[in-house]
$ cat coords.txt   # compact mmCIF, C-alpha atoms and all ligand atoms
# COMPACT_ATOMS: atom_id res chain seq x y z
CA MET S 174 7.98 -6.73 -20.80
CA LEU S 175 11.15 -8.80 -20.42
CA ASP S 176 13.43 -5.97 -21.57
CA LEU S 177 11.91 -3.73 -18.88
CA LEU S 178 12.67 -6.37 -16.27
CA LYS S 179 16.31 -6.50 -17.33
CA VAL S 180 17.07 -2.95 -16.16
CA PRO S 181 17.81 -2.66 -12.42
CA SER S 182 15.60 0.38 -11.76
CA ILE S 183 16.25 0.46 -8.01
CA SER S 184 15.01 3.87 -6.91
CA ALA S 185 16.57 3.67 -3.45
CA LYS S 186 20.15 3.52 -4.73
CA SER S 187 21.77 6.56 -6.32
CA GLU S 188 24.12 4.41 -8.45
CA HIS S 189 21.05 3.37 -10.48
CA LYS S 190 20.15 6.89 -11.55
CA GLU S 191 21.00 6.11 -15.19
CA ASP S 192 19.03 2.85 -15.04
CA MET S 193 16.02 4.83 -13.88
CA LYS S 194 16.27 7.12 -16.91
CA LYS S 195 16.80 4.15 -19.21
CA THR S 196 13.72 2.38 -17.83
CA ALA S 197 11.61 5.53 -18.15
CA GLU S 198 12.73 5.83 -21.82
CA LEU S 199 11.87 2.18 -22.46
CA VAL S 200 8.41 2.61 -20.91
CA THR S 201 7.85 5.63 -23.14
CA GLN S 202 8.83 3.61 -26.23
CA ARG S 203 6.49 0.77 -25.31
CA LEU S 204 3.61 3.20 -24.82
CA LEU S 205 4.23 4.77 -28.24
CA GLU S 206 4.44 1.31 -29.86
CA ALA S 207 1.14 0.44 -28.18
CA GLY S 208 -0.50 3.38 -29.90
CA ALA S 209 -0.22 6.33 -27.50
CA ASP S 210 -0.54 9.74 -29.22
CA LYS S 211 2.28 10.98 -27.05
CA ALA S 212 4.51 9.63 -24.34
CA GLU S 213 7.23 11.51 -22.59
CA VAL S 214 9.72 11.36 -19.76
CA MET S 215 9.03 14.27 -17.43
CA PRO S 216 11.57 15.42 -14.86
CA THR S 217 10.96 15.78 -11.13
CA GLU S 218 13.39 16.69 -8.33
CA GLY S 219 14.04 12.95 -8.11
CA HIS S 220 13.54 10.16 -10.65
CA PRO S 221 11.46 11.12 -13.70
CA VAL S 222 7.80 10.38 -14.32
CA VAL S 223 6.48 8.85 -17.55
CA TYR S 224 3.35 10.47 -18.92
CA ALA S 225 1.42 9.22 -21.94
CA GLU S 226 -2.00 9.69 -23.45
CA LYS S 227 -4.31 8.43 -26.16
CA ILE S 228 -7.21 10.80 -26.64
CA ILE S 229 -9.95 9.48 -28.91
CA ASP S 230 -12.64 12.04 -28.12
CA PRO S 231 -12.44 14.72 -25.42
CA SER S 232 -16.14 14.28 -24.68
CA LYS S 233 -15.58 10.63 -23.69
CA PRO S 234 -14.54 9.67 -20.14
CA THR S 235 -10.82 9.51 -19.38
CA VAL S 236 -9.10 6.74 -17.41
CA LEU S 237 -5.76 7.57 -15.79
CA VAL S 238 -3.55 4.53 -15.18
CA TYR S 239 -1.10 4.91 -12.31
CA GLY S 240 1.85 2.55 -11.89
CA HIS S 241 5.55 2.59 -11.03
CA TYR S 242 8.62 1.48 -12.95
CA ASP S 243 10.97 1.50 -9.95
CA VAL S 244 11.67 -1.63 -7.92
CA GLN S 245 12.87 -2.65 -4.48
CA PRO S 246 16.53 -3.62 -4.00
CA PRO S 247 16.93 -7.36 -4.72
CA ASP S 248 19.00 -8.22 -1.63
CA PRO S 249 19.74 -10.77 -0.29
CA LEU S 250 21.06 -11.92 -3.66
CA ASP S 251 22.15 -15.40 -2.56
CA LEU S 252 18.52 -16.38 -1.94
CA TRP S 253 17.53 -15.83 -5.60
CA LYS S 254 17.32 -19.02 -7.66
CA SER S 255 18.01 -17.00 -10.83
CA PRO S 256 19.52 -13.49 -11.08
CA PRO S 257 16.90 -10.82 -10.24
CA PHE S 258 17.46 -8.80 -13.42
CA GLU S 259 17.73 -11.74 -15.82
CA PRO S 260 14.07 -12.68 -16.20
CA VAL S 261 13.36 -16.41 -16.49
CA ILE S 262 10.06 -18.01 -17.47
CA LYS S 263 9.55 -21.26 -15.58
CA ASP S 264 6.35 -23.25 -14.99
CA GLY S 265 4.23 -20.43 -16.36
CA LYS S 266 5.79 -17.79 -14.11
CA VAL S 267 8.14 -14.91 -14.86
CA TYR S 268 10.83 -14.69 -12.19
CA ALA S 269 12.44 -11.25 -11.89
CA ARG S 270 12.53 -8.25 -9.54
CA GLY S 271 9.61 -6.04 -10.57
CA SER S 272 7.70 -8.79 -12.41
CA ALA S 273 4.61 -8.30 -10.23
CA ASP S 274 5.56 -5.07 -8.44
CA ASP S 275 4.93 -3.24 -10.62
CA LYS S 276 6.44 -3.49 -14.12
CA GLY S 277 4.45 -6.58 -15.10
CA GLN S 278 1.24 -5.16 -13.72
CA PHE S 279 1.32 -1.70 -15.31
CA PHE S 280 2.45 -3.35 -18.53
CA MET S 281 -0.91 -5.19 -18.68
CA HIS S 282 -2.46 -1.76 -19.24
CA VAL S 283 0.00 -0.95 -22.04
CA LYS S 284 -0.92 -4.25 -23.71
CA ALA S 285 -4.63 -3.67 -23.12
CA MET S 286 -4.36 -0.29 -24.82
CA GLU S 287 -2.48 -1.87 -27.74
CA THR S 288 -5.29 -4.41 -28.19
CA LEU S 289 -7.96 -1.73 -28.03
CA VAL S 290 -6.12 0.47 -30.54
CA LYS S 291 -5.49 -2.43 -32.95
CA THR S 292 -9.10 -3.56 -32.86
CA ASN S 293 -10.31 0.02 -33.05
CA SER S 294 -12.45 -0.51 -29.96
CA MET S 295 -11.37 2.17 -27.49
CA THR S 296 -14.32 3.51 -25.51
CA THR S 297 -12.42 5.90 -23.23
CA ASN S 298 -9.46 8.24 -23.43
CA MET S 299 -6.42 6.78 -21.71
CA LYS S 300 -3.69 8.53 -19.75
CA PHE S 301 -0.68 6.97 -18.05
CA LEU S 302 1.23 8.23 -15.01
CA ILE S 303 4.10 5.82 -14.34
CA GLU S 304 6.38 7.06 -11.58
CA GLY S 305 9.89 6.07 -10.52
CA GLU S 306 9.81 6.66 -6.77
CA GLU S 307 6.96 4.55 -5.37
CA GLU S 308 9.28 2.22 -3.49
CA VAL S 309 10.88 5.16 -1.69
CA GLY S 310 7.60 6.79 -0.64
CA SER S 311 6.84 8.95 -3.73
CA PRO S 312 8.59 12.05 -2.30
CA ASN S 313 8.10 14.13 -5.48
CA LEU S 314 4.79 12.86 -6.81
CA ALA S 315 2.46 15.13 -4.82
CA LYS S 316 4.20 18.20 -6.26
CA PHE S 317 4.22 16.72 -9.78
CA VAL S 318 0.48 16.02 -9.61
CA ALA S 319 -0.27 19.46 -8.17
CA ASP S 320 1.80 21.11 -10.94
CA ASN S 321 0.17 19.05 -13.71
CA LYS S 322 -3.49 18.91 -12.74
CA LYS S 323 -4.69 19.87 -16.20
CA LEU S 324 -2.50 17.32 -17.94
CA LEU S 325 -3.66 14.56 -15.58
CA LYS S 326 -7.35 15.51 -15.68
CA ALA S 327 -9.39 12.30 -15.79
CA ASP S 328 -12.59 10.70 -14.52
CA VAL S 329 -11.07 7.79 -12.64
CA ILE S 330 -7.64 6.44 -11.63
CA LEU S 331 -6.90 2.77 -12.27
CA ILE S 332 -4.09 1.06 -10.34
CA SER S 333 -2.79 -2.50 -10.71
CA ASP S 334 -0.22 -2.75 -7.95
CA SER S 335 -1.76 -5.27 -5.59
CA ALA S 336 -2.91 -8.86 -5.38
CA MET S 337 -6.15 -10.79 -5.64
CA ILE S 338 -7.01 -13.76 -3.47
CA SER S 339 -6.65 -16.25 -6.36
CA LEU S 340 -7.82 -16.78 -9.94
CA GLU S 341 -10.58 -18.99 -8.46
CA ASN S 342 -11.53 -16.33 -5.88
CA PRO S 343 -11.05 -12.98 -7.62
CA SER S 344 -11.09 -9.98 -5.31
CA LEU S 345 -10.81 -6.23 -5.57
CA ASP S 346 -9.16 -4.00 -2.99
CA ILE S 347 -11.49 -1.24 -1.95
CA GLY S 348 -9.32 0.56 0.53
CA VAL S 349 -6.05 1.03 2.30
CA ARG S 350 -5.52 2.14 5.87
CA GLY S 351 -3.89 5.36 6.98
CA LEU S 352 -1.01 5.67 9.41
CA ALA S 353 -0.06 7.79 12.43
CA TYR S 354 3.43 7.03 13.72
CA ILE S 355 4.95 8.54 16.85
CA GLN S 356 7.90 8.11 19.21
CA VAL S 357 7.57 8.46 22.98
CA GLU S 358 10.46 9.09 25.37
CA VAL S 359 10.07 8.90 29.13
CA THR S 360 12.80 10.43 31.29
CA GLY S 361 13.07 9.99 35.05
CA PRO S 362 16.25 10.70 37.05
CA ASN S 363 18.97 12.82 35.43
CA ARG S 364 21.31 9.79 35.11
CA ASP S 365 21.29 6.00 35.24
CA LEU S 366 21.15 4.95 38.90
CA HIS S 367 22.28 1.99 41.03
CA SER S 368 19.12 -0.11 41.32
CA GLY S 369 20.07 -1.22 44.82
CA THR S 370 20.79 2.23 46.21
CA TYR S 371 17.88 4.02 44.51
CA GLY S 372 15.50 1.25 43.38
CA GLY S 373 12.17 1.49 45.21
CA ALA S 374 12.59 5.20 45.83
CA VAL S 375 12.53 6.70 42.32
CA SER S 376 10.19 6.05 39.35
CA ASN S 377 11.65 3.67 36.81
CA PRO S 378 11.00 5.10 33.29
CA ILE S 379 10.73 1.60 31.79
CA THR S 380 8.01 0.60 34.27
CA ILE S 381 6.18 3.87 33.70
CA LEU S 382 6.39 3.57 29.90
CA ALA S 383 5.23 -0.08 30.04
CA LYS S 384 2.22 0.96 32.17
CA MET S 385 1.38 3.83 29.85
CA ILE S 386 1.47 1.55 26.83
CA ALA S 387 -0.51 -1.19 28.58
CA SER S 388 -3.22 1.37 29.32
CA CYS S 389 -3.87 1.86 25.59
CA HIS S 390 -6.01 -1.30 25.27
CA ASP S 391 -8.80 -2.53 27.53
CA GLU S 392 -9.71 -6.14 28.36
CA ASN S 393 -11.62 -6.44 25.05
CA ASN S 394 -8.62 -5.08 23.14
CA HIS S 395 -10.43 -1.88 22.26
CA ILE S 396 -8.19 1.18 22.14
CA THR S 397 -8.85 3.32 25.22
CA ILE S 398 -7.38 6.64 24.08
CA PRO S 399 -10.26 9.14 24.38
CA GLY S 400 -11.60 10.20 20.99
CA PHE S 401 -9.66 7.55 19.04
CA TYR S 402 -12.76 6.03 17.41
CA ASP S 403 -14.74 9.29 17.08
CA ASP S 404 -14.40 9.69 13.30
CA VAL S 405 -14.41 6.00 12.33
CA VAL S 406 -16.95 5.23 9.62
CA GLU S 407 -18.28 1.81 10.54
CA ALA S 408 -18.35 -0.69 7.67
CA LYS S 409 -21.89 -1.48 6.61
CA PRO S 410 -23.27 -4.94 7.46
CA ASP S 411 -23.38 -5.99 3.80
CA GLU S 412 -19.74 -4.99 3.31
CA ARG S 413 -18.77 -7.00 6.40
CA LYS S 414 -20.75 -9.95 5.12
CA MET S 415 -19.07 -9.79 1.71
CA MET S 416 -15.54 -9.42 3.06
CA ASN S 417 -16.03 -12.38 5.39
CA GLN S 418 -16.79 -14.55 2.36
CA ALA S 419 -13.10 -14.41 1.48
CA PRO S 420 -11.57 -17.82 2.09
CA PHE S 421 -9.79 -17.77 5.46
CA ASP S 422 -8.46 -20.82 7.27
CA GLU S 423 -7.77 -19.82 10.86
CA LYS S 424 -5.93 -23.05 11.63
CA GLU S 425 -3.57 -22.56 8.71
CA TYR S 426 -3.12 -18.87 9.58
CA LYS S 427 -2.09 -19.75 13.14
CA ALA S 428 0.17 -22.58 12.00
CA ASP S 429 1.90 -20.29 9.49
CA LEU S 430 2.62 -17.75 12.26
CA GLY S 431 3.51 -20.30 14.93
CA VAL S 432 0.94 -18.98 17.40
CA ASN S 433 -1.68 -21.03 19.21
CA GLU S 434 -4.18 -18.21 19.62
CA LEU S 435 -5.10 -15.08 17.73
CA TRP S 436 -5.56 -11.68 19.37
CA GLY S 437 -7.70 -8.70 18.54
CA GLU S 438 -10.59 -6.41 19.11
CA LYS S 439 -13.65 -8.19 20.46
CA GLY S 440 -16.61 -8.33 18.09
CA PHE S 441 -14.60 -8.51 14.87
CA THR S 442 -13.16 -11.31 12.74
CA THR S 443 -9.49 -11.49 11.79
CA ILE S 444 -10.27 -10.21 8.28
CA GLU S 445 -12.14 -7.26 9.81
CA ARG S 446 -9.43 -6.56 12.38
CA THR S 447 -6.81 -6.21 9.62
CA GLY S 448 -9.02 -4.28 7.21
CA ILE S 449 -11.89 -2.21 8.55
CA ARG S 450 -10.72 -1.53 12.10
CA PRO S 451 -8.10 0.93 13.31
CA THR S 452 -5.30 -0.58 15.38
CA LEU S 453 -2.50 0.55 17.66
CA GLU S 454 0.80 -1.31 17.61
CA LEU S 455 4.07 -1.03 19.45
CA ASN S 456 6.85 -1.17 16.85
CA GLY S 457 9.85 -0.94 19.15
CA ILE S 458 10.74 -0.37 22.78
CA TRP S 459 14.06 0.18 24.47
CA GLY S 460 15.78 1.48 27.58
CA GLY S 461 18.23 0.44 30.27
CA TYR S 462 20.88 -2.22 29.97
CA GLN S 463 20.57 -4.51 26.96
CA GLY S 464 24.08 -5.94 26.73
CA GLU S 465 25.25 -9.42 27.67
CA GLY S 466 24.78 -10.60 31.23
CA SER S 467 23.37 -8.41 33.95
CA LYS S 468 23.81 -4.86 35.08
CA THR S 469 21.71 -3.67 37.99
CA VAL S 470 20.66 -0.30 36.77
CA LEU S 471 17.66 1.99 37.17
CA PRO S 472 17.71 3.73 33.81
CA SER S 473 17.25 7.42 33.25
CA LYS S 474 15.27 6.97 30.08
CA ALA S 475 12.94 4.61 28.15
CA SER S 476 11.57 4.99 24.60
CA ALA S 477 9.04 3.41 22.27
CA LYS S 478 7.87 3.66 18.67
CA ILE S 479 4.11 3.42 18.36
CA SER S 480 1.95 3.41 15.24
CA ALA S 481 -1.76 3.41 14.57
CA ARG S 482 -3.39 2.14 11.35
CA LEU S 483 -6.36 4.27 10.48
CA VAL S 484 -9.62 3.72 8.63
CA PRO S 485 -11.94 6.15 6.84
CA ASN S 486 -12.72 8.93 8.09
CA GLN S 487 -9.91 9.15 10.65
CA SER S 488 -7.35 11.87 10.03
CA SER S 489 -3.68 11.05 10.45
CA LYS S 490 -2.97 14.56 11.74
CA LYS S 491 -5.76 14.45 14.30
CA ILE S 492 -4.88 10.96 15.57
CA THR S 493 -1.20 11.87 15.77
CA LYS S 494 -2.08 14.84 17.98
CA LEU S 495 -4.41 12.66 20.06
CA LEU S 496 -1.62 10.12 20.66
CA LEU S 497 0.98 12.76 21.48
CA ASP S 498 -1.37 14.55 23.90
CA TYR S 499 -2.41 11.25 25.50
CA PHE S 500 1.12 10.16 26.37
CA LYS S 501 1.99 13.60 27.71
CA LYS S 502 -1.21 13.77 29.75
CA ILE S 503 -1.02 10.36 31.45
CA ALA S 504 2.59 10.75 32.54
CA PRO S 505 2.72 10.53 36.34
CA PRO S 506 4.75 13.00 38.41
CA GLY S 507 8.37 11.96 38.70
CA VAL S 508 8.97 11.54 34.97
CA SER S 509 8.80 13.83 31.95
CA VAL S 510 7.51 12.76 28.54
CA ASN S 511 8.71 13.87 25.15
CA ALA S 512 6.53 12.63 22.29
CA PHE S 513 6.85 13.51 18.61
CA GLU S 514 5.58 12.51 15.19
CA LEU S 515 7.61 10.27 12.85
CA HIS S 516 5.35 10.11 9.80
CA GLY S 517 1.81 9.55 8.64
CA GLY S 518 -0.62 9.08 5.78
CA GLU S 519 -4.35 9.21 5.22
CA PRO S 520 -6.64 6.20 4.72
CA TYR S 521 -8.26 5.70 1.34
CA MET S 522 -11.47 4.03 0.30
CA THR S 523 -13.39 3.33 -2.91
CA PRO S 524 -16.98 2.63 -1.87
CA ILE S 525 -18.50 -0.46 -3.51
CA GLU S 526 -21.47 1.57 -4.71
CA SER S 527 -19.19 3.96 -6.66
CA LYS S 528 -19.28 3.85 -10.46
CA ALA S 529 -15.54 3.16 -10.46
CA TYR S 530 -15.86 0.04 -8.31
CA GLN S 531 -18.96 -1.17 -10.10
CA ALA S 532 -17.23 -1.01 -13.48
CA ALA S 533 -14.25 -2.95 -12.12
CA ALA S 534 -16.48 -5.58 -10.49
CA LYS S 535 -18.42 -6.05 -13.73
CA ALA S 536 -15.17 -6.42 -15.68
CA ILE S 537 -13.96 -9.12 -13.28
CA GLU S 538 -17.27 -10.91 -13.57
CA ALA S 539 -17.06 -10.79 -17.38
CA THR S 540 -13.75 -12.66 -17.52
CA PHE S 541 -13.71 -14.71 -14.29
CA GLY S 542 -17.36 -15.74 -14.37
CA LYS S 543 -17.93 -14.64 -10.78
CA LYS S 544 -18.30 -11.48 -8.75
CA PRO S 545 -15.12 -10.28 -7.03
CA ILE S 546 -14.91 -10.26 -3.24
CA PRO S 547 -14.33 -6.69 -2.02
CA VAL S 548 -11.40 -6.68 0.40
CA ARG S 549 -9.73 -3.94 2.40
CA GLY S 550 -5.98 -3.91 2.48
CA GLY S 551 -4.40 -3.54 5.91
CA GLY S 552 -1.42 -1.55 4.67
CA SER S 553 -1.06 2.10 3.73
CA ILE S 554 -0.47 3.86 0.37
CA PRO S 555 -0.31 7.58 1.28
CA ILE S 556 -0.23 8.67 -2.39
CA CYS S 557 -3.85 7.50 -2.89
CA SER S 558 -5.42 10.21 -0.77
CA ILE S 559 -3.10 12.78 -2.38
CA LEU S 560 -4.14 11.72 -5.91
CA GLU S 561 -7.80 11.92 -4.97
CA LYS S 562 -7.41 15.28 -3.28
CA GLU S 563 -5.44 16.88 -6.12
CA LEU S 564 -7.45 15.42 -9.01
CA GLY S 565 -10.82 15.10 -7.31
CA ILE S 566 -11.50 11.61 -8.66
CA LYS S 567 -11.81 8.05 -7.32
CA ILE S 568 -9.22 5.30 -7.49
CA VAL S 569 -9.94 1.72 -8.51
CA PHE S 570 -7.52 -0.99 -7.46
CA MET S 571 -7.43 -3.87 -9.93
CA GLY S 572 -4.54 -6.00 -8.76
CA PHE S 573 -3.81 -9.21 -10.66
CA GLY S 574 -0.89 -10.42 -8.54
CA LEU S 575 -1.01 -13.06 -5.83
CA ASP S 576 0.10 -12.84 -2.20
CA SER S 577 2.60 -15.59 -3.03
CA ASP S 578 4.38 -13.41 -5.64
CA ASN S 579 7.24 -12.58 -3.21
CA LEU S 580 6.99 -8.82 -3.56
CA HIS S 581 10.03 -7.09 -2.03
CA SER S 582 11.51 -10.60 -1.39
CA PRO S 583 13.87 -12.91 -3.27
CA ASN S 584 12.40 -14.83 -6.24
CA GLU S 585 9.68 -12.33 -7.05
CA LYS S 586 7.41 -13.73 -9.77
CA PHE S 587 4.31 -12.95 -11.75
CA GLU S 588 2.17 -15.75 -13.13
CA LEU S 589 1.58 -15.55 -16.88
CA LYS S 590 -2.00 -16.73 -16.34
CA ASN S 591 -2.62 -13.67 -14.17
CA PHE S 592 -0.81 -11.41 -16.64
CA TYR S 593 -3.02 -12.56 -19.53
CA LYS S 594 -6.14 -12.48 -17.39
CA GLY S 595 -5.33 -8.87 -16.60
CA ILE S 596 -4.91 -7.95 -20.27
CA GLU S 597 -8.22 -9.67 -20.96
CA THR S 598 -10.09 -7.97 -18.10
CA ILE S 599 -8.84 -4.37 -18.36
CA PRO S 600 -10.64 -3.56 -21.68
CA TYR S 601 -13.92 -4.54 -20.03
CA PHE S 602 -13.27 -1.97 -17.31
CA HIS S 603 -12.95 0.75 -19.94
CA LYS S 604 -16.08 -0.50 -21.71
CA TYR S 605 -18.24 -0.61 -18.58
CA PHE S 606 -16.85 2.62 -17.15
CA ALA S 607 -17.70 4.40 -20.43
CA GLU S 608 -21.19 2.89 -20.43
CA MET S 609 -21.83 3.86 -16.82
CA SER S 610 -20.53 7.38 -17.43
CA SER S 611 -22.78 8.14 -20.39
ZN ZN V 701 4.24 -1.54 -6.09
$ encode --input "coords.txt" --output "C-alpha cells"
Amino acid sequence: MLDLLKVPSISAKSEHKEDMKKTAELVTQRLLEAGADKAEVMPTEGHPVVYAEKIIDPSKPTVLVYGHYDVQPPDPLDLWKSPPFEPVIKDGKVYARGSADDKGQFFMHVKAMETLVKTNSMTTNMKFLIEGEEEVGSPNLAKFVADNKKLLKADVILISDSAMISLENPSLDIGVRGLAYIQVEVTGPNRDLHSGTYGGAVSNPITILAKMIASCHDENNHITIPGFYDDVVEAKPDERKMMNQAPFDEKEYKADLGVNELWGEKGFTTIERTGIRPTLELNGIWGGYQGEGSKTVLPSKASAKISARLVPNQSSKKITKLLLDYFKKIAPPGVSVNAFELHGGEPYMTPIESKAYQAAAKAIEATFGKKPIPVRGGGSIPICSILEKELGIKIVFMGFGLDSDNLHSPNEKFELKNFYKGIETIPYFHKYFAEMSS
C-alpha cells in the first residue's frame, strides 16, 4: 500500500495526469499479484478506471468492489507534520494523503482477495471498479458504467470509503442523503438608490429576500414549502431506535462547535436531524454594500445560495423544481425573482432487511463480537444512485475509517488496527453473502 500512497494522484490538478496513470497501473499490478484473473486500466474522457476480476464459478454470486485511487489536494502543506506523499507509520497509524480516503480502504479488499485466493477459500466471484475521479465528482463514471454494464454485472456493490463510529462501537452506513442546490436572485429598482431619498418608498431586495428565506421554516423548524415532505419515507421506529443507540454526547458536541444550544426540527434527535430528515440550508447570501465603513444605499439586487439535503424517496429534480417555483411564487410585487439550479444528486439507501446489509452486519459481528449500529450519513454521494440504477443492484457501505482520520485535511491517517480489522472482516462478507444468496 505504501507505494500507492507515494504517488500524488490528485485528480483535480491537470499537472498530475501522469501520476494518475501511474497510480492506475500500480493498482492493476497489485490486483494481479493478489490473484486477479485480469486487471486493466480502462480509458475514460478523464482519468482512467481500473477494472479487475477473479471469476471462480459464473454460477456463484459476484461482488463488485468500488473504490477510488484519486485523492484530494494536500494543501495547506505547512500544516502537515510529515510530507503528504511520503507515508510515515507512527503510533500504529499511516500518515499520508489517501491513506484512509480511499487508497488504504480499497486496498483492504485487494488484500482480502489475496488471502482468499491463497487459502483457496473464495466463495464469490470478485470484480473491482477503482476510479480516478471521485474527488472531482465522478464526471465520467456514469457513462463508463452505462457503457460497461455487462462487464460490471454483479449481485452487490461493496464500498469502503467511509468511517465507523469506533472499533468499540462498529457501525455501518445505510444511506446517504440527496441534494438539491439552487440560487435565488431578487431584483428591485433598476439601479442602486440613495437610501435617504428613496428608502421607505421602494422595496429593498435584501429585506424581501430575507423575508422569503425566513418563511421557509416554521416555529418548529419544519420546512414550510408546500409538498416538500410529500415523498419522504419515514424511518421505521426500530431503525430510529437503533440509530439513537450510537454514542452521542450533546455537551461535547456543543462545546466542539462553540454553541450553547442546538437547533433543528422538533420531534427529532440530532442524529435523526442529520441523517433521516431532509433539511434546507442557506449556504450564502449577498447584496448591497459590503466594503469597509458605511454607504447608505438601497441596493438593486440581493442573492442567495440555498440547498436542501434529501432523504429516500425524495427526488432531487422534483425538489429543485419545488424550490424554484416557491421562490418565484412568493415574490411580492415590486421585485422580480430569478431562480435557477446549481446542481443535485439523489439520496441512496440500503435497507437493513436487505441481504446485502445483513451479510455485512453478520461479518462485522463475526470479527468485532457485536452487532454494528446502522447509521445514515448526512452527506451526499450522487454516484450511488447512478450505480444502482445502471446495474440494478444494492450497495453496501463497509467503512473502516474513523471520523478523526482527517479526510481532505492535513495529516490524513489510517489506523493499522482498522486496516487489519477490515482485511479480517471482508472475507466474512463474501462468505455470508454467498450463503444468503444460495
Ligand atoms: Zn473517498
$ closest_atom_pairs --input "coords.txt" --of "range 199-306 of chain S" --to "range 574-594 of chain S" --cutoff "7 Å" --atoms "all atoms listed in the file" --output "CSV"
residue,atom,partner,partner_atom,distance
S:Gln245,CA,S:His581,CA,5.8
S:Pro247,CA,S:Pro583,CA,6.5
S:Pro249,CA,S:Pro583,CA,6.9
S:Leu252,CA,S:Pro583,CA,6.0
S:Trp253,CA,S:Pro583,CA,5.2
S:Lys254,CA,S:Asn584,CA,6.6
S:Gly265,CA,S:Leu589,CA,5.6
S:Lys266,CA,S:Glu588,CA,4.3
S:Val267,CA,S:Lys586,CA,5.3
S:Tyr268,CA,S:Lys586,CA,4.3
S:Ala269,CA,S:Glu585,CA,5.7
S:Arg270,CA,S:Glu585,CA,5.6
S:Ser272,CA,S:Phe587,CA,5.4
S:Ala273,CA,S:Phe587,CA,4.9
S:Asp274,CA,S:Leu580,CA,6.3
S:Met281,CA,S:Phe592,CA,6.5
$ residues_around --input "coords.txt" --residues "range 458-467 of chain S" --least-positions-apart "6" --cutoff "7 Å" --atoms "only C-alpha atoms" --output "CSV table (one decimal) with C-alpha atoms, in the coordinates of the input"
chain,number,residue,atom,x,y,z
S,379,ILE,CA,10.7,1.6,31.8
S,474,LYS,CA,15.3,7.0,30.1
S,475,ALA,CA,12.9,4.6,28.2
S,476,SER,CA,11.6,5.0,24.6
S,477,ALA,CA,9.0,3.4,22.3
S,478,LYS,CA,7.9,3.7,18.7
$ residues_around --input "coords.txt" --residues "Asp404 in chain S" --least-positions-apart "4" --cutoff "8 Å" --atoms "all atoms listed in the file" --output "PyMOL selection string"
chain S and resi 485-487
$ closest_atom_pairs --input "coords.txt" --of "chain S" --to "ligand ZN 701 (chain V)" --cutoff "8 Å" --atoms "all atoms listed in the file" --output "CSV"
residue,atom,partner,partner_atom,distance
S:Gly240,CA,V:ZN701,ZN,7.5
S:His241,CA,V:ZN701,ZN,6.6
S:Val244,CA,V:ZN701,ZN,7.7
S:Ala273,CA,V:ZN701,ZN,7.9
S:Asp274,CA,V:ZN701,ZN,4.4
S:Asp275,CA,V:ZN701,ZN,4.9
S:Glu307,CA,V:ZN701,ZN,6.7
S:Glu308,CA,V:ZN701,ZN,6.8
S:Asp334,CA,V:ZN701,ZN,5.0
S:Ser335,CA,V:ZN701,ZN,7.1
$ write_last_selection --input "coords.txt" --atoms "C-alpha atoms" --output "short mmCIF file (atom, residue, chain, number, x, y, z; two decimals), keeping the file's coordinate frame"
data_model
loop_
_atom_site.label_atom_id
_atom_site.label_comp_id
_atom_site.auth_asym_id
_atom_site.auth_seq_id
_atom_site.Cartn_x
_atom_site.Cartn_y
_atom_site.Cartn_z
CA GLY S 240 1.85 2.55 -11.89
CA HIS S 241 5.55 2.59 -11.03
CA VAL S 244 11.67 -1.63 -7.92
CA ALA S 273 4.61 -8.30 -10.23
CA ASP S 274 5.56 -5.07 -8.44
CA ASP S 275 4.93 -3.24 -10.62
CA GLU S 307 6.96 4.55 -5.37
CA GLU S 308 9.28 2.22 -3.49
CA ASP S 334 -0.22 -2.75 -7.95
CA SER S 335 -1.76 -5.27 -5.59
#
$ residues_around --input "coords.txt" --residues "Ile396 in chain S" --least-positions-apart "2" --cutoff "12 Å" --atoms "all atoms listed in the file" --output "list in words"
Ile386, Ala387, Ser388, Cys389, His390, Asp391, Glu392, Asn393, Asn394, Ile398, Pro399, Gly400, Phe401, Tyr402, Asp403, Gly437, Glu438, Lys439, Arg450, Pro451, Thr452, Leu453, Glu454, Ala481, Arg482 and Leu496 of chain S
$ closest_residue --input "coords.txt" --among "S:Val238, S:Leu175, S:Val508, S:Cys557" --to "Pro257 in chain S" --atoms "only C-alpha atoms"
S:Leu175
$ atom_distance --input "coords.txt" --atom1 "CA of Thr288 in chain S" --atom2 "CA of Ala536 in chain S"
16.1 Å
$ closest_residue --input "coords.txt" --among "S:Gly277, S:Gly372, S:Gly552, S:Pro234" --to "Ile330 in chain S" --atoms "only C-alpha atoms"
S:Pro234
$ residues_around --input "coords.txt" --residues "range 209-215 of chain S" --least-positions-apart "5" --cutoff "7 Å" --atoms "only C-alpha atoms" --output "PyMOL selection string"
chain S and resi 197-198+201+204+221-227
